[in-house]
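Participant: Take this structure, written in structure tokens, and hold onto it; I'll ask about it next.
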Amino acid sequence: MKEHEHVYGPIPSRRLGRSLGVSPIPGKTCNYACNYCMLGATTRMSGERKEWIPLDELLDELDSFLAEGIDYDTVTICGEGEPTLYSRLGELIEGLKTRQTKPVAVITNSGNMDRPEVRQALMKADIVLPSLESADEATWRTIHRPSPHISFPAIIEGLKSFAEDFQGQLWLEVMLLAGINDSPDQLEAIKALVDEIKPDRVYVNTPVRPPADSTVKIPDHKRVQAAVDILGGIALDYLTDQDFTSAEEDPFQAVLTICKRHPMNRFELVHFLEERGVKDTEAFIRTLKSLGGLETVNYCGIESYRNTRS
């Protein structure tokens, strides 16, 4: 199988099934530096929208992937940075839809929802999953640590405007963080915004992958359940029960490629290696660590891995 640089997976998603990822943004390029980001610290803070990666290159990779006949449920534009920073996002969505028949989803941090050109591009998607972690600017800044040019009131108004016109599925995601946005007052305020936006679904998530800021903590089950009850949302389970897959034949390269966009915990990595026919998974993991570039984080009592190479 051919190595792919910008098309990867499928990755198991608790919302989107077997998700084939398309990453149109260089690693860790974002307009936020979220404290819970599973990819680690943002190394290139940017609000610039441009063609970071040639559109033809992205679509050619998809064509190559499709030729391999790997099964998937959705094509998801997300990856290693904020996808709405890609200036040809609308054309990318159109190109993905003309080449295959599965739904095209976009995962966004909402930081560019104030831009009419971004909202127009997202209109072409089948599913849009924007983040909504707070209802006040102070909490928003604490969580997202945004680029200075971003206005919290403007992105909230942009979300409302987009929701009014979007014909696809709008799934809001609320990342719940202990002691930051999980109090009843915070949740009631978020609920008021949810009622105005009127999404098709609300997902309540928790930082189950190692976060960029080690002080970030997972709320207890009572807090998560309270959020579900208040927001009328759906709680995402702690572990996925689907399998990671990769088009890379070499298992070392496959693991590094996956962990660049989606950290794996030890259980997921061992299962992935066993599915690949690796007999001594412990020796494999030791060798993998010795290669460098793979950060090991002990989080919630479980060893997890992410690729720190840009």
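Every chain in the structure tokens takes a letter, A first, then B, and so on in the order presented; its residues are numbered from 1, and the ligands are numbered from 1 following the presented order.
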Write out as a ChimeraX atom specification which residues come within 8 Å of Lys50 in chain A when counting only C-alpha atoms, dropping same-chain ones fewer than 4 positions away.
Facilitator: /A:85-88
Participant: Could you give me, as a PDB file with C-alpha atoms, in the first residue's frame, each residue of range 112-162 of chain A that DSSP assigns to strand (DSSP E) when run on this structure's backbone?
Facilitator:
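File written: out-v3.pdb
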ATOM      1  CA  ILE A 127     -21.938  16.988   8.996  1.00  0.00           C
ATOM      2  CA  VAL A 128     -20.290  19.847  10.890  1.00  0.00           C
ATOM      3  CA  LEU A 129     -19.049  19.343  14.442  1.00  0.00           C
ATOM      4  CA  PRO A 130     -18.205  22.705  16.095  1.00  0.00           C
TER       5      PRO A 130
END
Participant: CA of Ala105 in chain A to CA of His6 in chain A: how many Å, to one decimal?
Facilitator: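 Spanning CA of Ala105 in chain A to CA of His6 in chain A is a straight-line distance of 15.8 Å.
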Participant: Could you name the residues that touch range 200-217 of chain A at 7 Å or less, counting only C-alpha atoms, but leaving out those on the same chain fewer than 6 positions away, as a list in words?
Facilitator: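 Listing them by chain and then by number gives Asn35, Tyr36, Cys37, Met38, Leu39, Gly40, Ala41, Gln169, Leu170, Trp171, Leu172, Glu173, Val174, Met175, Leu176, Leu177, Ala178, Val228, Gly233, Ile234, Ala235, Leu236, Tyr238, Pro263, Val297 and Tyr299 of chain A.
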Participant: Tell me which of A:Ile155, A:Ala125, A:Ile93, A:Ala138 sits closest to Asn112 in chain A, counting only C-alpha atoms.
Facilitator: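 Of the candidates, the smallest distance to Asn112 in chain A is held by A:Ile155.
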Participant: For Glu133 in chain A, which residue out of A:Ile180, A:Leu96, A:Ala33, A:Ile230 is the nearest one, using only C-alpha atoms?
Facilitator: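 Selected residue with least distance to Glu133 in chain A: A:Ile180.
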Participant: I want to know what sits within 7 Å of Asn307 in chain A, based on only C-alpha atoms, with residues of the same chain fewer than 6 positions away left out; could you give that as a PDB file with C-alpha atoms, in the first residue's frame?
Facilitator:
ATOM      1  CA  LEU A 256       3.693   6.714  14.069  1.00  0.00           C
ATOM      2  CA  CYS A 259      -0.346   8.778  16.676  1.00  0.00           C
ATOM      3  CA  LYS A 260       0.493  11.937  14.744  1.00  0.00           C
ATOM      4  CA  GLY A 293       9.540  11.071  18.277  1.00  0.00           C
ATOM      5  CA  LEU A 294       6.886   9.122  20.182  1.00  0.00           C
ATOM      6  CA  GLU A 295       5.952  10.827  23.440  1.00  0.00           C
TER       7      GLU A 295
END
Participant: Check the smallest atom-to-atom distance from each of A:Leu89, A:Asp71, A:Ile77, A:Thr296 to Thr108 in chain A using only C-alpha atoms, then report the winner.
Facilitator: A:Ile77
Participant: Rounded to one decimal place, report the CA of Leu231 in chain A-CA of Ala135 in chain A distance in Å.
Facilitator: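 A separation of 12.8 Å between them.
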Participant: CA of Pro146 in chain A and CA of Asn31 in chain A, how far apart in Å?
Facilitator: 6.0 Å
